[in-house]
file start-v5.tsv (TSV, C-alpha atoms and all ligand atoms)
chain	number	residue	atom	x	y	z
E	800	MET	CA	-140.55	89.80	44.00
E	801	SER	CA	-139.82	86.78	41.80
E	802	ASN	CA	-143.26	85.20	41.62
E	803	PHE	CA	-145.18	88.45	41.80
E	804	ALA	CA	-146.75	88.37	38.35
E	805	GLU	CA	-147.94	84.84	38.79
E	806	ASN	CA	-148.58	84.59	42.53
E	807	ILE	CA	-149.94	87.56	44.40
E	808	ILE	CA	-149.89	85.70	47.73
E	809	ASN	CA	-147.23	83.15	48.64
E	810	LEU	CA	-147.09	81.42	52.00
E	811	SER	CA	-144.55	78.87	52.96
E	812	ASN	CA	-144.82	76.57	56.00
E	813	ILE	CA	-146.97	78.92	58.05
E	814	THR	CA	-147.60	77.54	61.53
E	815	LYS	CA	-149.61	79.20	64.29
E	816	CYS	CA	-150.41	77.82	67.73
E	817	PHE	CA	-152.60	79.18	70.48
E	818	GLY	CA	-151.19	77.57	73.62
E	819	SER	CA	-151.11	73.86	72.93
E	820	GLU	CA	-153.63	74.17	70.09
E	821	VAL	CA	-152.28	74.11	66.55
E	822	ALA	CA	-154.49	76.52	64.57
E	823	LEU	CA	-152.39	76.27	61.39
E	824	ASN	CA	-149.98	73.46	60.67
E	825	SER	CA	-147.30	74.27	58.10
E	826	VAL	CA	-149.60	75.82	55.53
E	827	ASN	CA	-148.40	76.56	51.98
E	828	ILE	CA	-150.47	78.71	49.66
E	829	SER	CA	-149.98	80.42	46.35
E	830	VAL	CA	-152.80	82.60	45.12
E	831	LYS	CA	-152.70	83.79	41.53
E	832	LYS	CA	-153.41	87.32	40.46
E	833	GLY	CA	-157.10	87.85	39.70
E	834	GLU	CA	-158.38	84.54	41.00
E	835	ILE	CA	-161.09	83.81	43.52
E	836	PHE	CA	-159.39	81.48	45.98
E	837	THR	CA	-161.63	79.86	48.55
E	838	VAL	CA	-160.60	78.44	51.89
E	839	LEU	CA	-163.24	75.86	52.79
E	840	GLY	CA	-163.42	74.39	56.27
E	841	LYS	CA	-165.63	73.77	59.27
E	842	ASN	CA	-165.80	76.12	62.24
E	843	GLY	CA	-162.46	76.18	64.01
E	844	ALA	CA	-160.56	74.89	60.96
E	845	GLY	CA	-158.19	77.87	61.00
E	846	LYS	CA	-159.71	80.04	58.25
E	847	THR	CA	-159.82	83.34	60.12
E	848	THR	CA	-156.37	82.77	61.60
E	849	LEU	CA	-155.04	82.29	58.09
E	850	ILE	CA	-156.63	85.50	56.81
E	851	LYS	CA	-155.35	87.44	59.82
E	852	ILE	CA	-151.83	86.24	59.14
E	853	ILE	CA	-151.96	87.17	55.45
E	854	CYS	CA	-153.32	90.63	56.38
E	855	THR	CA	-150.48	90.96	58.93
E	856	LEU	CA	-152.92	91.33	61.83
E	857	LEU	CA	-151.35	88.27	63.42
E	858	LEU	CA	-147.77	87.00	63.34
E	859	PRO	CA	-147.13	83.34	62.51
E	860	ASP	CA	-144.97	81.28	64.88
E	861	LYS	CA	-143.09	79.82	61.95
E	862	GLY	CA	-142.92	80.21	58.21
E	863	SER	CA	-142.59	83.00	55.71
E	864	GLY	CA	-144.41	84.57	52.82
E	865	THR	CA	-145.00	87.45	50.46
E	866	VAL	CA	-148.12	89.44	49.64
E	867	LEU	CA	-147.91	91.59	46.47
E	868	GLY	CA	-144.23	90.93	46.62
E	869	TYR	CA	-143.89	92.41	50.12
E	870	ASP	CA	-142.38	90.38	52.92
E	871	LEU	CA	-145.08	89.10	55.26
E	872	LEU	CA	-142.91	89.48	58.33
E	873	LYS	CA	-141.10	92.74	57.57
E	874	GLU	CA	-143.32	94.86	55.35
E	875	ASP	CA	-146.63	94.72	57.20
E	876	LYS	CA	-147.48	98.39	56.66
E	877	LYS	CA	-147.10	98.09	52.88
E	878	ILE	CA	-149.23	94.98	52.84
E	879	ARG	CA	-151.95	96.57	54.95
E	880	ALA	CA	-152.04	99.63	52.71
E	881	ASN	CA	-152.87	97.44	49.74
E	882	VAL	CA	-155.46	94.97	50.97
E	883	SER	CA	-159.07	95.19	52.13
E	884	LEU	CA	-160.60	92.91	54.71
E	885	VAL	CA	-164.28	92.37	55.36
E	886	ALA	CA	-164.72	90.52	58.65
E	887	PRO	CA	-167.46	87.92	59.11
E	888	THR	CA	-169.68	89.84	61.50
E	889	VAL	CA	-172.23	91.78	59.53
E	890	ASP	CA	-172.03	95.49	60.34
E	891	VAL	CA	-168.33	95.75	61.09
E	892	GLY	CA	-167.27	99.12	59.77
E	893	VAL	CA	-170.85	100.20	59.16
E	894	ASP	CA	-172.13	103.03	61.36
E	895	PRO	CA	-175.88	102.48	61.92
E	896	VAL	CA	-176.66	106.14	62.59
E	897	LEU	CA	-175.08	107.45	59.44
E	898	THR	CA	-176.87	107.21	56.11
E	899	VAL	CA	-175.67	104.75	53.53
E	900	TYR	CA	-174.08	107.62	51.62
E	901	GLU	CA	-172.43	109.10	54.72
E	902	ASN	CA	-170.99	105.72	55.66
E	903	LEU	CA	-169.10	105.50	52.40
E	904	MET	CA	-168.12	109.19	52.50
E	905	PHE	CA	-166.64	108.62	55.92
E	906	TRP	CA	-164.47	105.80	54.61
E	907	ALA	CA	-163.57	107.71	51.46
E	908	VAL	CA	-162.12	110.47	53.63
E	909	VAL	CA	-160.32	107.94	55.83
E	910	TYR	CA	-158.79	106.51	52.66
E	911	GLY	CA	-157.57	109.94	51.63
E	912	LEU	CA	-160.08	110.78	48.89
E	913	GLU	CA	-161.20	114.41	48.96
E	914	GLY	CA	-163.98	116.74	47.85
E	915	TYR	CA	-165.38	116.12	44.39
E	916	GLU	CA	-163.21	113.04	43.89
E	917	ALA	CA	-164.63	111.44	47.07
E	918	GLU	CA	-168.23	112.26	46.09
E	919	LYS	CA	-167.75	110.91	42.60
E	920	ARG	CA	-166.19	107.66	43.84
E	921	VAL	CA	-168.85	107.16	46.51
E	922	LYS	CA	-171.71	107.66	44.03
E	923	GLU	CA	-170.06	105.29	41.58
E	924	THR	CA	-169.57	102.68	44.32
E	925	LEU	CA	-173.20	103.03	45.47
E	926	LYS	CA	-174.35	102.31	41.93
E	927	ILE	CA	-172.11	99.25	41.66
E	928	LEU	CA	-173.44	98.06	45.00
E	929	GLY	CA	-177.03	98.60	43.91
E	930	LEU	CA	-177.46	100.87	46.93
E	931	TYR	CA	-177.83	104.18	45.12
E	932	GLU	CA	-181.60	104.21	45.63
E	933	VAL	CA	-181.26	103.77	49.38
E	934	ARG	CA	-178.33	106.17	49.79
E	935	ASP	CA	-180.24	108.51	52.11
E	936	ARG	CA	-181.57	105.82	54.43
E	937	TRP	CA	-179.97	105.11	57.81
E	938	ALA	CA	-177.65	102.13	57.62
E	939	MET	CA	-179.67	100.53	60.45
E	940	GLU	CA	-182.83	100.70	58.32
E	941	ILE	CA	-181.60	98.69	55.36
E	942	SER	CA	-181.57	94.87	55.17
E	943	ALA	CA	-178.71	92.74	56.52
E	944	GLY	CA	-177.77	91.81	52.97
E	945	MET	CA	-177.56	95.47	51.99
E	946	ARG	CA	-175.45	96.23	55.04
E	947	GLN	CA	-173.06	93.45	54.12
E	948	LYS	CA	-172.78	94.97	50.65
E	949	LEU	CA	-172.05	98.30	52.29
E	950	GLY	CA	-169.26	96.62	54.26
E	951	ILE	CA	-167.80	95.21	51.05
E	952	GLY	CA	-168.39	98.58	49.38
E	953	ARG	CA	-166.04	100.18	51.87
E	954	ALA	CA	-163.43	97.71	50.73
E	955	ILE	CA	-163.90	98.41	47.02
E	956	LEU	CA	-163.96	102.21	47.42
E	957	VAL	CA	-160.21	102.27	47.12
E	958	ARG	CA	-159.84	99.41	44.61
E	959	HIS	CA	-157.16	97.56	46.47
E	960	PRO	CA	-155.73	94.68	44.42
E	961	ILE	CA	-156.57	92.07	47.08
E	962	LEU	CA	-159.86	91.63	48.88
E	963	PHE	CA	-160.25	89.29	51.84
E	964	LEU	CA	-163.79	88.17	52.57
E	965	ASP	CA	-164.06	86.15	55.76
E	966	GLU	CA	-167.35	84.21	55.58
E	967	PRO	CA	-169.06	86.92	53.54
E	968	THR	CA	-172.54	85.40	53.57
E	969	VAL	CA	-172.69	83.94	57.04
E	970	LYS	CA	-175.97	84.76	58.83
E	971	LEU	CA	-177.56	86.10	55.64
E	972	ASP	CA	-180.87	84.84	54.25
E	973	VAL	CA	-180.98	82.91	50.98
E	974	GLU	CA	-181.79	85.93	48.85
E	975	SER	CA	-179.01	88.07	50.32
E	976	LYS	CA	-176.55	85.18	49.95
E	977	PHE	CA	-177.44	85.05	46.26
E	978	THR	CA	-176.99	88.82	45.86
E	979	ILE	CA	-173.66	88.90	47.67
E	980	ARG	CA	-172.29	85.94	45.69
E	981	ASN	CA	-173.18	87.61	42.40
E	982	PHE	CA	-171.71	90.81	43.67
E	983	ILE	CA	-168.41	89.10	44.53
E	984	LYS	CA	-168.18	87.76	40.98
E	985	ASP	CA	-169.00	91.22	39.66
E	986	VAL	CA	-166.23	92.87	41.70
E	987	ARG	CA	-163.68	90.47	40.25
E	988	GLU	CA	-164.99	91.03	36.71
E	989	ARG	CA	-164.93	94.82	36.97
E	990	PHE	CA	-161.69	95.39	38.81
E	991	GLY	CA	-159.72	92.19	38.35
E	992	THR	CA	-159.46	92.05	42.13
E	993	THR	CA	-157.80	88.98	43.61
E	994	ILE	CA	-160.26	87.63	46.15
E	995	LEU	CA	-159.46	85.26	48.99
E	996	LEU	CA	-162.61	84.17	50.70
E	997	THR	CA	-163.38	81.74	53.45
E	998	THR	CA	-166.57	79.81	53.87
E	999	HIS	CA	-168.08	76.72	55.41
E	1000	TYR	CA	-170.81	76.61	52.72
E	1001	TYR	CA	-170.06	74.04	50.02
E	1002	ASP	CA	-172.40	75.62	47.49
E	1003	GLU	CA	-170.67	78.96	47.93
E	1004	ALA	CA	-167.25	77.45	47.33
E	1005	GLU	CA	-168.60	75.51	44.37
E	1006	GLU	CA	-170.21	78.56	42.79
E	1007	LEU	CA	-167.52	81.17	43.25
E	1008	SER	CA	-164.09	79.61	43.30
E	1009	ASP	CA	-161.39	79.29	40.72
E	1010	ARG	CA	-159.59	77.13	43.25
E	1011	ILE	CA	-160.61	75.63	46.55
E	1012	MET	CA	-158.41	74.82	49.51
E	1013	ILE	CA	-159.85	72.33	51.97
E	1014	ILE	CA	-158.58	72.90	55.48
E	1015	ASP	CA	-159.33	70.94	58.63
E	1016	LYS	CA	-157.85	71.44	62.10
E	1017	GLY	CA	-155.15	73.66	60.64
E	1018	ASN	CA	-154.10	71.12	58.01
E	1019	VAL	CA	-154.42	71.75	54.31
E	1020	LEU	CA	-155.95	68.59	52.88
E	1021	ALA	CA	-156.32	69.60	49.24
E	1022	VAL	CA	-155.96	72.60	46.93
E	1023	ASP	CA	-157.33	72.54	43.40
E	1024	THR	CA	-160.04	73.57	40.99
E	1025	LEU	CA	-163.45	72.11	41.66
E	1026	GLN	CA	-163.17	70.04	38.51
E	1027	SER	CA	-159.81	68.57	39.49
E	1028	LEU	CA	-160.96	67.91	43.03
E	1029	LYS	CA	-163.84	65.95	41.58
E	1030	ALA	CA	-161.58	64.11	39.19
E	1031	LYS	CA	-158.90	63.33	41.72
E	1032	LEU	CA	-160.85	62.70	44.84
E	1033	SER	CA	-164.11	61.17	43.86
E	1034	SER	CA	-164.32	57.98	41.98
E	1035	ALA	CA	-167.57	57.87	40.11
E	1036	GLU	CA	-170.55	59.59	38.69
E	1037	THR	CA	-173.89	57.81	38.90
E	1038	ILE	CA	-175.67	57.50	35.57
E	1039	TYR	CA	-179.36	56.65	35.28
E	1040	ILE	CA	-180.72	55.38	31.99
E	1041	LYS	CA	-184.42	54.73	31.69
E	1042	ALA	CA	-184.85	52.18	28.92
E	1043	GLU	CA	-187.16	49.49	27.60
E	1044	ALA	CA	-185.05	46.34	27.67
E	1045	SER	CA	-185.84	42.62	27.56
E	1046	ASN	CA	-184.47	40.28	30.23
E	1047	GLU	CA	-181.94	39.06	27.73
E	1048	GLN	CA	-180.77	42.56	26.91
E	1049	VAL	CA	-180.46	43.41	30.61
E	1050	LYS	CA	-178.36	40.29	31.15
E	1051	SER	CA	-176.05	41.09	28.28
E	1052	ILE	CA	-175.62	44.74	29.39
E	1053	PHE	CA	-174.80	43.51	32.90
E	1054	SER	CA	-172.13	41.17	31.65
E	1055	MET	CA	-170.58	43.74	29.30
E	1056	PHE	CA	-170.47	46.51	31.90
E	1057	SER	CA	-169.92	44.62	35.13
E	1058	ARG	CA	-167.05	47.01	35.85
E	1059	PHE	CA	-169.60	49.84	36.20
E	1060	MET	CA	-171.55	47.94	38.88
E	1061	PRO	CA	-174.82	47.88	36.92
E	1062	GLN	CA	-178.25	47.65	38.49
E	1063	TYR	CA	-181.66	47.53	36.85
E	1064	LYS	CA	-184.66	48.70	38.86
E	1065	ASN	CA	-188.12	49.74	37.66
E	1066	GLY	CA	-186.99	50.08	34.08
E	1067	ILE	CA	-183.95	52.16	35.01
E	1068	PHE	CA	-180.35	51.11	34.53
E	1069	ILE	CA	-177.91	52.52	37.08
E	1070	PHE	CA	-174.15	52.61	36.44
E	1071	LYS	CA	-171.24	53.97	38.46
E	1072	VAL	CA	-168.96	55.39	35.80
E	1073	PRO	CA	-165.56	56.87	36.65
E	1074	ILE	CA	-165.79	60.59	35.95
E	1075	PHE	CA	-163.91	62.17	33.08
E	1076	THR	CA	-163.81	58.90	31.15
E	1077	ASP	CA	-165.87	57.98	28.11
E	1078	GLY	CA	-167.70	55.21	29.97
E	1079	MET	CA	-171.02	56.91	29.33
E	1080	GLU	CA	-170.46	57.05	25.56
E	1081	GLU	CA	-169.45	53.39	25.57
E	1082	ILE	CA	-172.65	52.38	27.31
E	1083	LEU	CA	-174.84	54.45	25.01
E	1084	LYS	CA	-173.17	53.01	21.92
E	1085	VAL	CA	-174.03	49.49	23.05
E	1086	PHE	CA	-177.63	50.48	23.81
E	1087	VAL	CA	-177.97	51.78	20.27
E	1088	GLU	CA	-176.32	48.69	18.75
E	1089	LYS	CA	-178.69	46.44	20.67
E	1090	HIS	CA	-181.70	48.54	19.70
E	1091	ILE	CA	-182.57	49.23	23.30
E	1092	ASN	CA	-184.96	52.15	23.35
E	1093	ILE	CA	-183.68	54.88	25.67
E	1094	VAL	CA	-186.41	56.96	27.29
E	1095	GLU	CA	-184.39	59.24	29.53
E	1096	ILE	CA	-180.80	59.76	30.72
E	1097	SER	CA	-179.65	61.58	33.81
E	1098	GLY	CA	-176.52	61.69	35.92
E	1099	LYS	CA	-175.33	62.87	39.26
E	1100	SER	CA	-171.86	64.27	39.82
E	1101	PRO	CA	-170.41	64.08	43.31
E	1102	SER	CA	-171.09	67.31	45.21
E	1103	LEU	CA	-168.36	69.34	46.84
E	1104	GLU	CA	-169.89	68.32	50.16
E	1105	GLU	CA	-169.34	64.65	49.32
E	1106	ILE	CA	-165.79	65.42	48.25
E	1107	PHE	CA	-165.17	67.41	51.44
E	1108	PHE	CA	-166.21	64.54	53.67
E	1109	PHE	CA	-164.33	62.08	51.53
E	1110	VAL	CA	-161.14	64.14	51.94
E	1111	VAL	CA	-161.60	64.83	55.64
E	1112	ASP	CA	-162.58	61.23	56.44
E	1113	ALA	CA	-159.74	59.83	54.39
E	1114	ARG	CA	-157.33	61.88	56.42
E	1115	TYR	CA	-158.54	60.41	59.68
E	1116	LYS	CA	-158.65	56.91	58.29
E	1117	LYS	CA	-155.20	57.03	56.76
E	1118	ASN	CA	-153.83	59.82	58.93
E	1119	GLU	CA	-152.05	61.33	56.00
E	1120	LYS	CA	-152.34	64.24	53.62
E	1121	LEU	CA	-153.81	63.73	50.19
U	1201	LIG	N1	-157.03	84.44	69.72
U	1201	LIG	C1	-157.14	83.13	69.92
U	1201	LIG	N2	-156.82	82.57	71.11
U	1201	LIG	C2	-156.91	81.25	71.30
U	1201	LIG	N3	-157.33	80.37	70.38
U	1201	LIG	C3	-157.70	80.85	69.18
U	1201	LIG	C4	-157.62	82.25	68.89
U	1201	LIG	N4	-158.02	82.45	67.61
U	1201	LIG	C5	-158.33	81.21	67.14
U	1201	LIG	N5	-158.13	80.28	68.07
U	1201	LIG	C6	-158.35	78.82	67.88
U	1201	LIG	O1	-157.72	78.42	66.67
U	1201	LIG	C7	-158.53	77.53	65.95
U	1201	LIG	C8	-158.83	78.12	64.58
U	1201	LIG	O2	-159.67	79.25	64.73
U	1201	LIG	P1	-160.19	80.12	63.54
U	1201	LIG	O3	-159.06	80.50	62.68
U	1201	LIG	O4	-161.00	81.23	64.11
U	1201	LIG	O5	-161.13	79.09	62.76
U	1201	LIG	P2	-162.28	79.35	61.67
U	1201	LIG	O6	-162.19	80.77	61.22
U	1201	LIG	O7	-161.98	78.36	60.59
U	1201	LIG	O8	-163.57	79.05	62.34
U	1201	LIG	C9	-159.80	77.33	66.76
U	1201	LIG	O9	-159.69	76.11	67.45
U	1201	LIG	C10	-159.83	78.49	67.72
U	1201	LIG	O10	-160.42	78.16	68.93
U	1202	MG	MG	-163.60	82.27	61.17

call {"tool": "encode", "arguments": {"input": "start-v5.tsv", "output": "structure tokens", "more": "lines below"}}
Ligand SMILES: Nc1ncnc2c1ncn2[C@@H]1O[C@H](COP(=O)(O)OP(=O)(O)O)[C@@H](O)[C@H]1O
Ligand SMILES: [Mg+2]
result
Amino acid sequence: MSNFAENIINLSNITKCFGSEVALNSVNISVKKGEIFTVLGKNGAGKTTLIKIICTLLLPDKGSGTVLGYDLLKEDKKIRANVSLVAPTVDVGVDPVLTVYENLMFWAVVYGLEGYEAEKRVKETLKILGLYEVRDRWAMEISAGMRQKLGIGRAILVRHPILFLDEPTVKLDVESKFTIRNFIKDVRERFGTTILLTTHYYDEAEELSDRIMIIDKGNVLAVDTLQSLKAKLSSAETIYIKAEASNEQVKSIFSMFSRFMPQYKNGIFIFKVPIFTDGMEEILKVFVEKHINIVEISGKSPSLEEIFFFVVDARYKKNEKL
């Protein structure tokens, strides 16, 4: 129980093979209480296998761990009683021929809530889900996005401290993706739930995560906050400065900032400035000193997608972990 307050999930050297295929290769994870921890990887990376192991639905071949302080290998029943899992397929756990309300009532009873208490909790949950207005419709009649919310609603009925969301927005349209992502943030805000989610969408990982773990072919390639991943793994931000400069001024800027690989095209300076440095301020200071009239400034940070490919490619080039 030593790291319980700090780390709600701890995995150490978890390995899982299916035949000769290594689905997880010596994975270490520590998830902090109350954080949204995202496992980002392509199809077949090992995301679902990892979730199944943490939920004790699958035994690892090697390694050990704790969830809520319980031993992953010996206390599976206690772990299962305290976590909720929403599987990737929309509609799992949703009965199409029950109403929205009846679906949640069914699960409330399964979870041991009774009578007035169950009704009260279900109504409250429907309101949180934004499904109260459609409570009397058949589950099959509501949109896919609403059904996915209903699936997550089942998981929050009992307010378990850990929620596993395996590809929660896969197969949803743009609008439903947006709704579900906001809803995930809302669940964490309201209940302080620790959320471990998997995704292969970069924008989802970027939007939701406190920390992101990049996994590929069962290997953990990086774990960090988005900001640190950007700082550590990508070298530069591109800065565009539209300015009215004479040939002489352009020349002098080029010579002063050659380290930022300057270009000048159609009245726009382009610099590659290492991120989280004050390179940008330095450049602007010189522009002002030289009385170069700045018309517009814009910049482009590396996207998580660029970082992902950088990390994955680097691994194959160097054949080593970052
Ligand atoms: N029950 C299984 N039997 C055999 N191979 C499996 C099984 N489950 C997963 N795998 C394999 O393990 C690898 C990781 O799968 P999975 O965890 O489902 O990846 P992801 O969820 O990231 O798409 C894949 O190559 C997959 O084919
Ligand atoms: Mg999967």

call {"tool": "closest_atom_pairs", "arguments": {"input": "start-v5.tsv", "of": "chain E", "to": "ligand MG 1202 (chain U)", "cutoff": "9 Å", "atoms": "only C-alpha atoms and all ligand atoms", "output": "CSV"}}
result
residue,atom,partner,partner_atom,distance
E:Lys841,CA,U:MG1202,MG,8.9
E:Asn842,CA,U:MG1202,MG,6.6
E:Gly843,CA,U:MG1202,MG,6.8
E:Ala844,CA,U:MG1202,MG,8.0
E:Gly845,CA,U:MG1202,MG,7.0
E:Lys846,CA,U:MG1202,MG,5.4
E:Thr847,CA,U:MG1202,MG,4.1
E:Thr848,CA,U:MG1202,MG,7.3
E:Ile850,CA,U:MG1202,MG,8.8
E:Ala886,CA,U:MG1202,MG,8.7
E:Pro887,CA,U:MG1202,MG,7.1
E:Asp965,CA,U:MG1202,MG,6.7
E:Glu966,CA,U:MG1202,MG,7.0
E:Thr997,CA,U:MG1202,MG,7.7
E:Thr998,CA,U:MG1202,MG,8.3

call {"tool": "write_last_selection", "arguments": {"input": "start-v5.tsv", "atoms": "C-alpha atoms", "output": "mmCIF file, keeping the file's coordinate frame"}}
result
data_model
loop_
_atom_site.group_PDB
_atom_site.id
_atom_site.type_symbol
_atom_site.label_atom_id
_atom_site.label_comp_id
_atom_site.auth_asym_id
_atom_site.auth_seq_id
_atom_site.Cartn_x
_atom_site.Cartn_y
_atom_site.Cartn_z
ATOM 1 C CA LYS E 841 -165.630 73.770 59.270
ATOM 2 C CA ASN E 842 -165.800 76.120 62.240
ATOM 3 C CA GLY E 843 -162.460 76.180 64.010
ATOM 4 C CA ALA E 844 -160.560 74.890 60.960
ATOM 5 C CA GLY E 845 -158.190 77.870 61.000
ATOM 6 C CA LYS E 846 -159.710 80.040 58.250
ATOM 7 C CA THR E 847 -159.820 83.340 60.120
ATOM 8 C CA THR E 848 -156.370 82.770 61.600
ATOM 9 C CA ILE E 850 -156.630 85.500 56.810
ATOM 10 C CA ALA E 886 -164.720 90.520 58.650
ATOM 11 C CA PRO E 887 -167.460 87.920 59.110
ATOM 12 C CA ASP E 965 -164.060 86.150 55.760
ATOM 13 C CA GLU E 966 -167.350 84.210 55.580
ATOM 14 C CA THR E 997 -163.380 81.740 53.450
ATOM 15 C CA THR E 998 -166.570 79.810 53.870
#

call {"tool": "residues_around", "arguments": {"input": "start-v5.tsv", "residues": "Thr978 (chain E)", "least_positions_apart": "5", "cutoff": "10 Å", "atoms": "only C-alpha atoms", "output": "PDB file with C-alpha atoms, in the frame of the given file"}}
result
ATOM      1  CA  LEU E 928    -173.440  98.060  45.000  1.00  0.00           C
ATOM      2  CA  GLY E 929    -177.030  98.600  43.910  1.00  0.00           C
ATOM      3  CA  GLY E 944    -177.770  91.810  52.970  1.00  0.00           C
ATOM      4  CA  MET E 945    -177.560  95.470  51.990  1.00  0.00           C
ATOM      5  CA  LYS E 948    -172.780  94.970  50.650  1.00  0.00           C
ATOM      6  CA  THR E 968    -172.540  85.400  53.570  1.00  0.00           C
ATOM      7  CA  VAL E 973    -180.980  82.910  50.980  1.00  0.00           C
ATOM      8  CA  ILE E 983    -168.410  89.100  44.530  1.00  0.00           C
TER       9      ILE E 983
END

call {"tool": "closest_residue", "arguments": {"input": "start-v5.tsv", "among": "E:Gly833, E:Gly840, E:Gly1066, E:Gly868", "to": "ligand LIG 1201 (chain U)", "atoms": "all atoms listed in the file"}}
result
E:Gly840

call {"tool": "residues_around", "arguments": {"input": "start-v5.tsv", "residues": "Ser1102 (chain E)", "least_positions_apart": "3", "cutoff": "12 Å", "atoms": "all atoms listed in the file", "output": "ChimeraX atom specification"}}
result
/E:1000-1006,1025-1026,1028-1030,1032-1037,1099,1105-1109

call {"tool": "atom_distance", "arguments": {"input": "start-v5.tsv", "atom1": "CA of Ile878 (chain E)", "atom2": "CA of Thr855 (chain E)"}}
result
7.4 Å

call {"tool": "closest_residue", "arguments": {"input": "start-v5.tsv", "among": "E:Glu1104, E:Glu1047, E:Glu923, E:Glu940", "to": "His999 (chain E)", "atoms": "only C-alpha atoms"}}
result
E:Glu1104

call {"tool": "atom_distance", "arguments": {"input": "start-v5.tsv", "atom1": "CA of Asn806 (chain E)", "atom2": "atom O4 of ligand LIG 1201 (chain U)"}}
result
25.1 Å

call {"tool": "closest_residue", "arguments": {"input": "start-v5.tsv", "among": "E:Gly952, E:Gly864, E:Pro859, E:Gly818", "to": "ligand LIG 1201 (chain U)", "atoms": "all atoms listed in the file"}}
result
E:Gly818

call {"tool": "residues_around", "arguments": {"input": "start-v5.tsv", "residues": "Trp906 (chain E)", "least_positions_apart": "4", "cutoff": "8 Å", "atoms": "all atoms listed in the file", "output": "VMD selection string"}}
result
chain E and resid 902 910 953

call {"tool": "write_last_selection", "arguments": {"input": "start-v5.tsv", "atoms": "C-alpha atoms", "output": "compact mmCIF listing (two decimals), in the coordinates of the input"}}
result
# COMPACT_ATOMS: atom_id res chain seq x y z
CA ASN E 902 -170.99 105.72 55.66
CA TYR E 910 -158.79 106.51 52.66
CA ARG E 953 -166.04 100.18 51.87

call {"tool": "decode", "arguments": {"input": "start-v5.tsv", "residues": "region 1065-1076 of chain E", "atoms": "N, CA and C atoms", "output": "JSON list (two decimals), in the first residue's frame"}}
result
[["chain", "number", "residue", "atom", "x", "y", "z"],
["E", 1065, "ASN", "N", 8.31, 36.36, -49.59],
["E", 1065, "ASN", "CA", 7.11, 37.20, -49.74],
["E", 1065, "ASN", "C", 6.85, 38.10, -48.54],
["E", 1066, "GLY", "N", 7.91, 38.71, -48.06],
["E", 1066, "GLY", "CA", 7.74, 39.64, -46.93],
["E", 1066, "GLY", "C", 7.56, 38.96, -45.59],
["E", 1067, "ILE", "N", 7.81, 37.64, -45.54],
["E", 1067, "ILE", "CA", 7.64, 36.92, -44.27],
["E", 1067, "ILE", "C", 8.95, 36.24, -43.86],
["E", 1068, "PHE", "N", 9.40, 36.58, -42.66],
["E", 1068, "PHE", "CA", 10.55, 35.89, -42.09],
["E", 1068, "PHE", "C", 10.08, 34.56, -41.47],
["E", 1069, "ILE", "N", 10.86, 33.52, -41.66],
["E", 1069, "ILE", "CA", 10.54, 32.24, -41.02],
["E", 1069, "ILE", "C", 11.76, 31.79, -40.22],
["E", 1070, "PHE", "N", 11.52, 31.48, -38.94],
["E", 1070, "PHE", "CA", 12.61, 31.00, -38.07],
["E", 1070, "PHE", "C", 12.22, 29.67, -37.42],
["E", 1071, "LYS", "N", 13.18, 28.82, -37.21],
["E", 1071, "LYS", "CA", 12.96, 27.59, -36.43],
["E", 1071, "LYS", "C", 13.57, 27.82, -35.06],
["E", 1072, "VAL", "N", 12.74, 28.10, -34.09],
["E", 1072, "VAL", "CA", 13.26, 28.45, -32.77],
["E", 1072, "VAL", "C", 13.02, 27.30, -31.80],
["E", 1073, "PRO", "N", 14.06, 26.87, -31.07],
["E", 1073, "PRO", "CA", 13.86, 25.78, -30.11],
["E", 1073, "PRO", "C", 12.75, 26.16, -29.13],
["E", 1074, "ILE", "N", 11.83, 25.22, -28.87],
["E", 1074, "ILE", "CA", 10.71, 25.60, -28.01],
["E", 1074, "ILE", "C", 11.15, 25.72, -26.56],
["E", 1075, "PHE", "N", 10.40, 26.50, -25.83],
["E", 1075, "PHE", "CA", 10.68, 26.80, -24.42],
["E", 1075, "PHE", "C", 12.05, 27.45, -24.22],
["E", 1076, "THR", "N", 12.41, 28.30, -25.20],
["E", 1076, "THR", "CA", 13.58, 29.16, -25.02],
["E", 1076, "THR", "C", 13.07, 30.58, -25.27]]
